[in-house]
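Q: Take a look at this one; I'll ask things after.
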Amino acid sequence: MASFRFEALKAAGSRPVVHVEELDRKSLIFASNVFNDKAMRQFLTPEAYKAVKSAMDLGTKIDRKFADYVAMGMKEWALSKGVTHYTHWFQPLTGTTAEKHDAFFETSPDGSDPIEKFGGSQLVQQEPDASSFPNGGIRNTFEARGYTAWDPTSPAFIYGTTLCIPTVFVSYTGEALDNKAPLLRALAAVDVAATEVCKYFDKNVKKVIATLGWEQEYFLVDAALAASRPDILQTGRTLLGHTSAKGQQLEDHYFGSIPTRVLNYMRDLENECMLLGIPVKTRHNEVAPNQFELAPIFEEANLAVDHNSLLMDVMQKVAERHAFKVLFHEKPFKGVNGSGKHNNWSLSTDTGVNLLSPSKTPMSNLQFLTFFINTIKAVSTYEELLRASIASASNDHRLGANEAPPAIVSIFIGQQLTKVLEELEGVSTGKLSPEEKTELKLNVVGKIPDVLLDNTDRNRTSPFAFTGNKFEFRAVGSTANCANAMTTVNTIVAKQLVDFKKEVDALIENEGLKKDEAIFNVLREYIKQTKEILFEGDGYSKEWEEEAAKRGLSNHKTTPAALKAKVSEKSFKVFEEMQVMNHTEVEARYEIELEEYVKKIQIEGRVLGDIVRNNVIPTAIRYQNIIVENVKGLKEIFGNDYQEYAKEQIAILKKLSGHINDLNAKVHEMMDARKNANALTDIEEMAHQYCDVVKPYFDEIRYHADKLELIVDNEMWTLTKYRELLFTR
């Protein structure tokens, strides 16, 4: 095994830079492999084109006759680009994407007359076997059939020689088995609710679109080095490994010159993204060695989620061409920063207005304040549910690790907006006098544009921060499907806007207040009710934990604790009322996420035990034997005086023996704890057992293994070390 490590290092050190050709100007190749508006106009009949556009813009159902025309045009477009197969591309509750390819090629019943066939029935719906996908008890094995149904709001695309059709995935009985269906429902809910509120300010608004701009952080490791580490291959992170003498402490990697080999990988990736219509714009080195980030231009949230899921697939495939392994795990290396996926969220109208962007007129700023304060109120009311939406075994390593937001959900809005809210709170309730109205518009609402001057540098410890014209949900993990967080955010904001409109309308109808006065009165009360969620200080400090507890904010540091909020009465009520998920679908996701947590910790425990018993302990014993032979030789030469000359060797032997014994004991204790956890039948109890009893052994085992790494001869150590994983170019 030692030779495998050095062979991997040799291979990594001699990699040639893969040549990448620029296909053309990005503006010319962008979305050329996407069945977008341009392609539809060329390959669809006017009626079919109109049907698809109506489905995309208004959510109307496409008649089966037009579906046949759409399928015909889509097939001809795909065949013109050398495509041979098609697939319904969906996002089951596995955290990854799924696809089953079928060929266009068919023959007549007698085997003659070969043709390429693709009709409306194949486009609109397929029936993949759902028995092996997570379902959380939604359906029995004998009802294993699932349905994938075309989502016309997310355009079909070509990858390789396959036409990929984005779809939702539902069970035999109709419940959602994927991430996309609840997201689409949440987006529909926030559209309806926000549009109704917008009509207070502009009657011309017919639709509100939730937008998302994600930022994807990741690590790149040479493929050979990754292959030399069983823990990286099987868990996506290093379970063992002593930190390198040089890590990120010099801060010389962040925004530094991108290594040539990495830069060519990025260029190749960007070419693929351009063809697929993923509008990536930013690329740079992140804080940790071998850590990078890319980010796109903002898009409609459903499309942005699809693009991020697709991107993660493409990143791995492009990495293979460059002999890299992409690590999306939130904490692949101990001692250096982990990776997140900031979700930048906002709402925009079909009239071109960003509802979370301060403007230059008091009326526009009243609209801004309405959506700004309602978002704060939504987060304040559902902070536990929001925390649950980003809970995972891998994200537990990152949250609160003095590099990422804490597990406590709070909102940062900046000094100027804090002052605006304080001034707005001071406005008298009830009917406003003419003087109060003037003062409010001039001294409070009219000053909001100033916020653009000082709100660009945000509090980096805040999990949910206002960043000038959007909210940035920073606590989302790098492995996560954005749909989970975005479904929750849009659902709770939709619910809050519905409640807001009811309160405003009641004041207008029952109290006789003018519209603006009613809006101000409700917003003023919300400001009073949401003070506890606003925090401008250091989220990493112990003082904040104590302060947050006094404020009544939750602080769920582990996934089993955080997920419980998903099955609270408050959670069931908001998802059902907004028609995003029914009781069964919510419960199913809770069970699936607990199962996933258990399986990940279970796999990590098994891998850790295997590496320790098959690599670490045998290597330490071999080195121990060498030291023993050395001591024997000294005794033969110096006789009874040998201890004077073998003092250091004997000290090393004692350290080796101590760590080997403790390591072996801890591994066996961990195995017993796993057996006890596996004997449990309740998934909730099992998750807590793995979290509270099994997982703590990981750090104890790692401590002894990492100490042995420092003692054992470097030439004998079988596992590629941090200094090699993180600093080999």
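Simple scheme: letters A, B, ... for chains in structure tokens order, numbers from 1 for residues in each chain, numbers from 1 for ligands in the order shown.
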Pull the strand (DSSP E or B) assignments for stretch 147-386 of chain A out of DSSP run on the backbone, and list those residues as a ChimeraX atom specification.

A: /A:147-150,157-159,162-171,176,178,208-222,280-285,291-296,299-300,324-327,340-349,354

Q: Do a neighbour search on stretch 61-69 of chain A at 8 Å with only C-alpha atoms, toss out local chain neighbours closer than 6 positions, and write the hits as a PyMOL selection string.

A: chain A and resi 44-45+47-48+51-52+55+119-121+123-124

Q: Write out as a list of chain:residue names each polymer residue whose atoms come within 10 Å of A:Val379, counting only C-alpha atoms; drop sequence neighbours fewer than 2 positions from it.

A: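 Surrounding residues, per the criterion: A:Ile373, A:Asn374, A:Thr375, A:Ile376, A:Lys377, A:Thr381, A:Tyr382, A:Glu383, A:Glu384, A:Leu385, A:Leu386, A:Arg387, A:Val409, A:Ser410, A:Ile411, A:Phe464, A:Thr488, A:Val489, A:Ile492, A:Val493, A:Gln496, A:Thr530, A:Ile533.
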
Q: Which residues are near A:Gly95? Cut-off 12 Å, only C-alpha atoms, ignore same chain within fewer than 4 positions. Put them as JSON, numbers by chain.

A: {"A": [90, 91, 133, 134, 177, 178, 179, 180, 308, 309, 310, 312, 313, 328, 392, 477, 478, 479, 480, 481, 482, 483, 484, 592, 593, 596, 597]}

Q: With only C-alpha atoms as the counted atoms, please give the residues lying no more than 10 Å from A:Thr720, apart from itself and same-chain residues fewer than 6 positions off, as a PyMOL selection string.

A: chain A and resi 2+4-6+8-9+225-229+241

Q: Which residue gives the smallest distance to A:Thr243 among A:Ala12, A:Ala561, A:Val336, A:Val20, with only C-alpha atoms counted?

A: A:Val336

Q: From the options A:Cys164, A:Leu513, A:Leu275, A:Arg185, which residue's atoms come nearest to A:Phe575, counting only C-alpha atoms?

A: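 Closest candidate: A:Arg185.
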
Q: Which is closest to A:Phe35 among A:Ala485, A:Val498, A:Met74, A:Ala181, if we use only C-alpha atoms?

A: A:Met74

Q: When distances are computed from only C-alpha atoms, which of A:Gln234, A:Ser257, A:Arg321, A:Leu79 shows the smallest separation from A:Gln602?

A: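 Closest residue, counting only C-alpha atoms: A:Gln234.
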
Q: Report as a PDB file with all heavy atoms, in the first residue's frame all protein, DNA and RNA residues lying within 12 Å of A:Glu503, evaluated on only C-alpha atoms, omitting residues in the same chain fewer than 5 positions from it.

A:
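Everything below was put into out-v9.pdb:
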```pdb
ATOM      1  N   VAL A 197     -50.136  41.108  -2.963  1.00  0.00           N
ATOM      2  CA  VAL A 197     -49.589  42.216  -2.172  1.00  0.00           C
ATOM      3  C   VAL A 197     -49.076  43.316  -3.097  1.00  0.00           C
ATOM      4  O   VAL A 197     -49.225  44.515  -2.814  1.00  0.00           O
ATOM      5  CB  VAL A 197     -48.475  41.719  -1.230  1.00  0.00           C
ATOM      6  CG1 VAL A 197     -47.777  42.891  -0.535  1.00  0.00           C
ATOM      7  CG2 VAL A 197     -49.058  40.763  -0.188  1.00  0.00           C
ATOM      8  N   GLN A 496     -46.542  34.093   4.971  1.00  0.00           N
ATOM      9  CA  GLN A 496     -46.476  35.380   5.653  1.00  0.00           C
ATOM     10  C   GLN A 496     -47.168  36.482   4.844  1.00  0.00           C
ATOM     11  O   GLN A 496     -47.874  37.327   5.394  1.00  0.00           O
ATOM     12  CB  GLN A 496     -45.023  35.760   5.927  1.00  0.00           C
ATOM     13  CG  GLN A 496     -44.835  37.099   6.597  1.00  0.00           C
ATOM     14  CD  GLN A 496     -45.673  37.254   7.843  1.00  0.00           C
ATOM     15  OE1 GLN A 496     -45.715  36.357   8.688  1.00  0.00           O
ATOM     16  NE2 GLN A 496     -46.367  38.376   7.971  1.00  0.00           N
ATOM     17  N   LEU A 497     -46.986  36.482   3.547  1.00  0.00           N
ATOM     18  CA  LEU A 497     -47.624  37.491   2.698  1.00  0.00           C
ATOM     19  C   LEU A 497     -49.143  37.342   2.690  1.00  0.00           C
ATOM     20  O   LEU A 497     -49.879  38.340   2.651  1.00  0.00           O
ATOM     21  CB  LEU A 497     -47.068  37.411   1.274  1.00  0.00           C
ATOM     22  CG  LEU A 497     -45.609  37.865   1.108  1.00  0.00           C
ATOM     23  CD1 LEU A 497     -45.113  37.552  -0.299  1.00  0.00           C
ATOM     24  CD2 LEU A 497     -45.461  39.355   1.409  1.00  0.00           C
ATOM     25  N   VAL A 498     -49.610  36.110   2.724  1.00  0.00           N
ATOM     26  CA  VAL A 498     -51.058  35.865   2.812  1.00  0.00           C
ATOM     27  C   VAL A 498     -51.601  36.456   4.114  1.00  0.00           C
ATOM     28  O   VAL A 498     -52.638  37.145   4.130  1.00  0.00           O
ATOM     29  CB  VAL A 498     -51.355  34.354   2.732  1.00  0.00           C
ATOM     30  CG1 VAL A 498     -52.809  34.072   3.121  1.00  0.00           C
ATOM     31  CG2 VAL A 498     -51.086  33.826   1.333  1.00  0.00           C
ATOM     32  N   ILE A 508     -58.255  48.159   6.673  1.00  0.00           N
ATOM     33  CA  ILE A 508     -58.912  49.033   5.693  1.00  0.00           C
ATOM     34  C   ILE A 508     -60.430  48.916   5.797  1.00  0.00           C
ATOM     35  O   ILE A 508     -61.152  49.924   5.826  1.00  0.00           O
ATOM     36  CB  ILE A 508     -58.441  48.685   4.262  1.00  0.00           C
ATOM     37  CG1 ILE A 508     -56.938  48.996   4.105  1.00  0.00           C
ATOM     38  CG2 ILE A 508     -59.254  49.445   3.228  1.00  0.00           C
ATOM     39  CD1 ILE A 508     -56.345  48.495   2.797  1.00  0.00           C
ATOM     40  N   GLU A 509     -60.917  47.685   5.888  1.00  0.00           N
ATOM     41  CA  GLU A 509     -62.361  47.446   5.879  1.00  0.00           C
ATOM     42  C   GLU A 509     -63.013  47.728   7.230  1.00  0.00           C
ATOM     43  O   GLU A 509     -64.111  48.288   7.304  1.00  0.00           O
ATOM     44  CB  GLU A 509     -62.641  46.000   5.458  1.00  0.00           C
ATOM     45  CG  GLU A 509     -62.231  45.701   4.022  1.00  0.00           C
ATOM     46  CD  GLU A 509     -62.265  44.216   3.696  1.00  0.00           C
ATOM     47  OE1 GLU A 509     -62.820  43.449   4.504  1.00  0.00           O
ATOM     48  OE2 GLU A 509     -61.733  43.827   2.639  1.00  0.00           O
ATOM     49  N   ASN A 510     -62.342  47.332   8.315  1.00  0.00           N
ATOM     50  CA  ASN A 510     -62.964  47.422   9.639  1.00  0.00           C
ATOM     51  C   ASN A 510     -62.624  48.704  10.389  1.00  0.00           C
ATOM     52  O   ASN A 510     -63.425  49.189  11.194  1.00  0.00           O
ATOM     53  CB  ASN A 510     -62.554  46.225  10.499  1.00  0.00           C
ATOM     54  CG  ASN A 510     -62.949  44.907   9.861  1.00  0.00           C
ATOM     55  OD1 ASN A 510     -63.929  44.837   9.126  1.00  0.00           O
ATOM     56  ND2 ASN A 510     -62.187  43.859  10.134  1.00  0.00           N
ATOM     57  N   GLU A 511     -61.409  49.241  10.153  1.00  0.00           N
ATOM     58  CA  GLU A 511     -60.976  50.431  10.883  1.00  0.00           C
ATOM     59  C   GLU A 511     -61.048  51.694  10.038  1.00  0.00           C
ATOM     60  O   GLU A 511     -60.841  52.795  10.549  1.00  0.00           O
ATOM     61  CB  GLU A 511     -59.537  50.240  11.382  1.00  0.00           C
ATOM     62  CG  GLU A 511     -59.323  49.000  12.231  1.00  0.00           C
ATOM     63  CD  GLU A 511     -60.059  49.082  13.551  1.00  0.00           C
ATOM     64  OE1 GLU A 511     -60.284  50.210  14.028  1.00  0.00           O
ATOM     65  OE2 GLU A 511     -60.424  48.024  14.098  1.00  0.00           O
ATOM     66  N   LEU A 513     -58.957  52.680   7.748  1.00  0.00           N
ATOM     67  CA  LEU A 513     -57.652  53.271   7.460  1.00  0.00           C
ATOM     68  C   LEU A 513     -57.398  53.304   5.959  1.00  0.00           C
ATOM     69  O   LEU A 513     -57.891  52.463   5.208  1.00  0.00           O
ATOM     70  CB  LEU A 513     -56.533  52.483   8.136  1.00  0.00           C
ATOM     71  CG  LEU A 513     -56.504  52.431   9.666  1.00  0.00           C
ATOM     72  CD1 LEU A 513     -55.270  51.695  10.143  1.00  0.00           C
ATOM     73  CD2 LEU A 513     -56.543  53.832  10.266  1.00  0.00           C
ATOM     74  N   LYS A 515     -54.998  52.827   2.693  1.00  0.00           N
ATOM     75  CA  LYS A 515     -54.118  51.691   2.366  1.00  0.00           C
ATOM     76  C   LYS A 515     -52.717  51.861   2.961  1.00  0.00           C
ATOM     77  O   LYS A 515     -52.208  50.961   3.640  1.00  0.00           O
ATOM     78  CB  LYS A 515     -54.038  51.517   0.854  1.00  0.00           C
ATOM     79  CG  LYS A 515     -53.108  50.390   0.411  1.00  0.00           C
ATOM     80  CD  LYS A 515     -52.875  50.433  -1.079  1.00  0.00           C
ATOM     81  CE  LYS A 515     -52.102  51.679  -1.475  1.00  0.00           C
ATOM     82  NZ  LYS A 515     -51.840  51.744  -2.928  1.00  0.00           N
ATOM     83  N   ALA A 518     -52.688  51.569   6.726  1.00  0.00           N
ATOM     84  CA  ALA A 518     -52.887  50.183   7.157  1.00  0.00           C
ATOM     85  C   ALA A 518     -51.593  49.384   7.005  1.00  0.00           C
ATOM     86  O   ALA A 518     -51.213  48.611   7.895  1.00  0.00           O
ATOM     87  CB  ALA A 518     -54.011  49.540   6.345  1.00  0.00           C
ATOM     88  N   ILE A 519     -50.910  49.573   5.870  1.00  0.00           N
ATOM     89  CA  ILE A 519     -49.647  48.870   5.635  1.00  0.00           C
ATOM     90  C   ILE A 519     -48.627  49.252   6.693  1.00  0.00           C
ATOM     91  O   ILE A 519     -47.962  48.387   7.295  1.00  0.00           O
ATOM     92  CB  ILE A 519     -49.116  49.188   4.219  1.00  0.00           C
ATOM     93  CG1 ILE A 519     -50.005  48.530   3.168  1.00  0.00           C
ATOM     94  CG2 ILE A 519     -47.665  48.713   4.068  1.00  0.00           C
ATOM     95  CD1 ILE A 519     -49.693  48.947   1.743  1.00  0.00           C
ATOM     96  N   PHE A 520     -48.499  50.571   6.972  1.00  0.00           N
ATOM     97  CA  PHE A 520     -47.542  51.023   7.983  1.00  0.00           C
ATOM     98  C   PHE A 520     -47.861  50.442   9.355  1.00  0.00           C
ATOM     99  O   PHE A 520     -46.962  50.024  10.092  1.00  0.00           O
ATOM    100  CB  PHE A 520     -47.546  52.555   8.074  1.00  0.00           C
ATOM    101  CG  PHE A 520     -46.681  53.217   7.047  1.00  0.00           C
ATOM    102  CD1 PHE A 520     -47.200  54.203   6.220  1.00  0.00           C
ATOM    103  CD2 PHE A 520     -45.344  52.872   6.913  1.00  0.00           C
ATOM    104  CE1 PHE A 520     -46.410  54.822   5.263  1.00  0.00           C
ATOM    105  CE2 PHE A 520     -44.548  53.484   5.965  1.00  0.00           C
ATOM    106  CZ  PHE A 520     -45.070  54.462   5.135  1.00  0.00           C
ATOM    107  N   ASN A 521     -49.108  50.399   9.698  1.00  0.00           N
ATOM    108  CA  ASN A 521     -49.489  49.876  11.011  1.00  0.00           C
ATOM    109  C   ASN A 521     -49.128  48.407  11.172  1.00  0.00           C
ATOM    110  O   ASN A 521     -48.624  47.994  12.219  1.00  0.00           O
ATOM    111  CB  ASN A 521     -50.989  50.094  11.242  1.00  0.00           C
ATOM    112  CG  ASN A 521     -51.307  51.471  11.786  1.00  0.00           C
ATOM    113  OD1 ASN A 521     -51.311  51.685  12.995  1.00  0.00           O
ATOM    114  ND2 ASN A 521     -51.547  52.416  10.901  1.00  0.00           N
ATOM    115  N   VAL A 522     -49.391  47.620  10.150  1.00  0.00           N
ATOM    116  CA  VAL A 522     -49.058  46.190  10.233  1.00  0.00           C
ATOM    117  C   VAL A 522     -47.541  46.003  10.265  1.00  0.00           C
ATOM    118  O   VAL A 522     -47.013  45.219  11.069  1.00  0.00           O
ATOM    119  CB  VAL A 522     -49.681  45.415   9.052  1.00  0.00           C
ATOM    120  CG1 VAL A 522     -49.236  43.952   9.086  1.00  0.00           C
ATOM    121  CG2 VAL A 522     -51.198  45.504   9.102  1.00  0.00           C
ATOM    122  N   LEU A 523     -46.832  46.721   9.392  1.00  0.00           N
ATOM    123  CA  LEU A 523     -45.372  46.594   9.364  1.00  0.00           C
ATOM    124  C   LEU A 523     -44.755  47.004  10.699  1.00  0.00           C
ATOM    125  O   LEU A 523     -43.791  46.383  11.165  1.00  0.00           O
ATOM    126  CB  LEU A 523     -44.786  47.448   8.240  1.00  0.00           C
ATOM    127  CG  LEU A 523     -45.120  47.020   6.806  1.00  0.00           C
ATOM    128  CD1 LEU A 523     -44.448  47.958   5.809  1.00  0.00           C
ATOM    129  CD2 LEU A 523     -44.700  45.587   6.542  1.00  0.00           C
ATOM    130  N   GLU A 525     -46.025  46.695  13.646  1.00  0.00           N
ATOM    131  CA  GLU A 525     -46.191  45.596  14.605  1.00  0.00           C
ATOM    132  C   GLU A 525     -45.219  44.458  14.313  1.00  0.00           C
ATOM    133  O   GLU A 525     -44.677  43.839  15.228  1.00  0.00           O
ATOM    134  CB  GLU A 525     -47.638  45.088  14.587  1.00  0.00           C
ATOM    135  CG  GLU A 525     -48.650  46.075  15.141  1.00  0.00           C
ATOM    136  CD  GLU A 525     -48.288  46.530  16.550  1.00  0.00           C
ATOM    137  OE1 GLU A 525     -48.047  45.657  17.414  1.00  0.00           O
ATOM    138  OE2 GLU A 525     -48.232  47.756  16.778  1.00  0.00           O
ATOM    139  N   TYR A 526     -44.990  44.187  13.042  1.00  0.00           N
ATOM    140  CA  TYR A 526     -44.042  43.135  12.680  1.00  0.00           C
ATOM    141  C   TYR A 526     -42.636  43.477  13.159  1.00  0.00           C
ATOM    142  O   TYR A 526     -41.879  42.599  13.590  1.00  0.00           O
ATOM    143  CB  TYR A 526     -44.018  42.937  11.159  1.00  0.00           C
ATOM    144  CG  TYR A 526     -45.238  42.233  10.586  1.00  0.00           C
ATOM    145  CD1 TYR A 526     -45.397  42.102   9.204  1.00  0.00           C
ATOM    146  CD2 TYR A 526     -46.222  41.693  11.408  1.00  0.00           C
ATOM    147  CE1 TYR A 526     -46.502  41.463   8.661  1.00  0.00           C
ATOM    148  CE2 TYR A 526     -47.329  41.060  10.874  1.00  0.00           C
ATOM    149  CZ  TYR A 526     -47.464  40.949   9.497  1.00  0.00           C
ATOM    150  OH  TYR A 526     -48.563  40.317   8.978  1.00  0.00           O
TER     151      TYR A 526
END
```

Q: For A:Leu187, which of A:Leu653, A:Glu76, A:Lys495, A:Lys199 is the closest residue, counting only C-alpha atoms?

A: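 Checking each of A:Leu653, A:Glu76, A:Lys495, A:Lys199 against A:Leu187, counting only C-alpha atoms, the winner is A:Lys495.
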
Q: Compile the contact shell of A:Ala588 as number ranges by chain: residues with an atom at most 8 Å away, counting only C-alpha atoms, same-chain residues fewer than 2 positions apart removed.

A: A: 135-138, 584-586, 590-592

Q: Those residues with N, CA and C atoms, as a short mmCIF file (atom, residue, chain, number, x, y, z; two decimals), in the first residue's frame please?

A:
```
data_model
loop_
_atom_site.label_atom_id
_atom_site.label_comp_id
_atom_site.auth_asym_id
_atom_site.auth_seq_id
_atom_site.Cartn_x
_atom_site.Cartn_y
_atom_site.Cartn_z
N ASN A 135 -38.61 6.62 -0.27
CA ASN A 135 -40.02 7.03 -0.35
C ASN A 135 -40.60 7.36 1.00
N GLY A 136 -39.89 7.04 2.08
CA GLY A 136 -40.37 7.40 3.41
C GLY A 136 -41.69 6.77 3.78
N GLY A 137 -41.96 5.58 3.22
CA GLY A 137 -43.21 4.89 3.56
C GLY A 137 -44.40 5.33 2.76
N ILE A 138 -44.19 6.15 1.72
CA ILE A 138 -45.31 6.64 0.91
C ILE A 138 -46.01 5.51 0.18
N THR A 584 -48.55 13.51 4.55
CA THR A 584 -47.79 12.30 4.21
C THR A 584 -46.44 12.65 3.59
N GLU A 585 -46.42 13.63 2.70
CA GLU A 585 -45.17 14.01 2.03
C GLU A 585 -44.17 14.61 3.01
N VAL A 586 -44.65 15.40 3.96
CA VAL A 586 -43.75 15.98 4.96
C VAL A 586 -43.17 14.89 5.85
N TYR A 590 -39.14 13.58 6.34
CA TYR A 590 -38.50 13.49 7.67
C TYR A 590 -37.86 12.12 7.84
N GLU A 591 -38.61 11.09 7.49
CA GLU A 591 -38.09 9.72 7.64
C GLU A 591 -36.91 9.47 6.69
N ILE A 592 -37.03 9.96 5.45
CA ILE A 592 -35.96 9.77 4.47
C ILE A 592 -34.68 10.45 4.92
#
```

Q: Using DSSP secondary structure from the backbone, list all alpha helix (DSSP H) positions within stretch 273-467 of chain A, as a count of residues only.

A: 71

Q: So, counting only C-alpha atoms, which residue among A:Leu269, A:Ala651, A:Val616, A:Val318 is closest to A:Glu22?

A: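 The answer is A:Leu269, which sits nearest to A:Glu22.
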
Q: Each residue of stretch 316-342 of chain A lying at most 9 Å from stretch 210-220 of chain A should get a row with its shortest atom-to-atom pair and the distance in Å to one decimal, counting only C-alpha atoms; could you produce that, ordered by chain and increasing number, as a Markdown table?

A:
```
| residue | atom | partner | partner_atom | distance |
| --- | --- | --- | --- | --- |
| A:Ala319 | CA | A:Leu220 | CA | 8.5 |
| A:Phe324 | CA | A:Leu220 | CA | 6.2 |
| A:Lys325 | CA | A:Leu220 | CA | 5.8 |
| A:Val326 | CA | A:Leu220 | CA | 4.9 |
| A:Leu327 | CA | A:Phe219 | CA | 5.0 |
| A:Phe328 | CA | A:Tyr218 | CA | 5.1 |
| A:His329 | CA | A:Tyr218 | CA | 7.7 |
| A:Glu330 | CA | A:Tyr218 | CA | 8.4 |
| A:Pro332 | CA | A:Phe219 | CA | 8.2 |
| A:Gly338 | CA | A:Tyr218 | CA | 8.5 |
| A:Ser339 | CA | A:Glu217 | CA | 5.2 |
| A:Gly340 | CA | A:Glu217 | CA | 5.8 |
| A:Lys341 | CA | A:Gln216 | CA | 4.9 |
| A:His342 | CA | A:Glu215 | CA | 5.2 |
```

Q: Taking C-alpha atoms for each residue, export the selection above as a short mmCIF file (atom, residue, chain, number, x, y, z; two decimals), in the first residue's frame.

A:
```cif
data_model
loop_
_atom_site.label_atom_id
_atom_site.label_comp_id
_atom_site.auth_asym_id
_atom_site.auth_seq_id
_atom_site.Cartn_x
_atom_site.Cartn_y
_atom_site.Cartn_z
CA ALA A 319 -13.05 16.52 -13.80
CA PHE A 324 -9.35 15.50 -10.90
CA LYS A 325 -11.80 14.38 -8.24
CA VAL A 326 -14.35 17.02 -7.19
CA LEU A 327 -15.20 17.03 -3.48
CA PHE A 328 -18.54 18.67 -2.64
CA HIS A 329 -18.52 17.53 1.00
CA GLU A 330 -19.00 20.41 3.43
CA PRO A 332 -13.56 17.15 3.44
CA GLY A 338 -15.29 23.70 4.46
CA SER A 339 -17.63 24.42 1.56
CA GLY A 340 -21.05 26.02 1.41
CA LYS A 341 -23.56 26.90 -1.27
CA HIS A 342 -24.89 30.39 -0.54
#
```
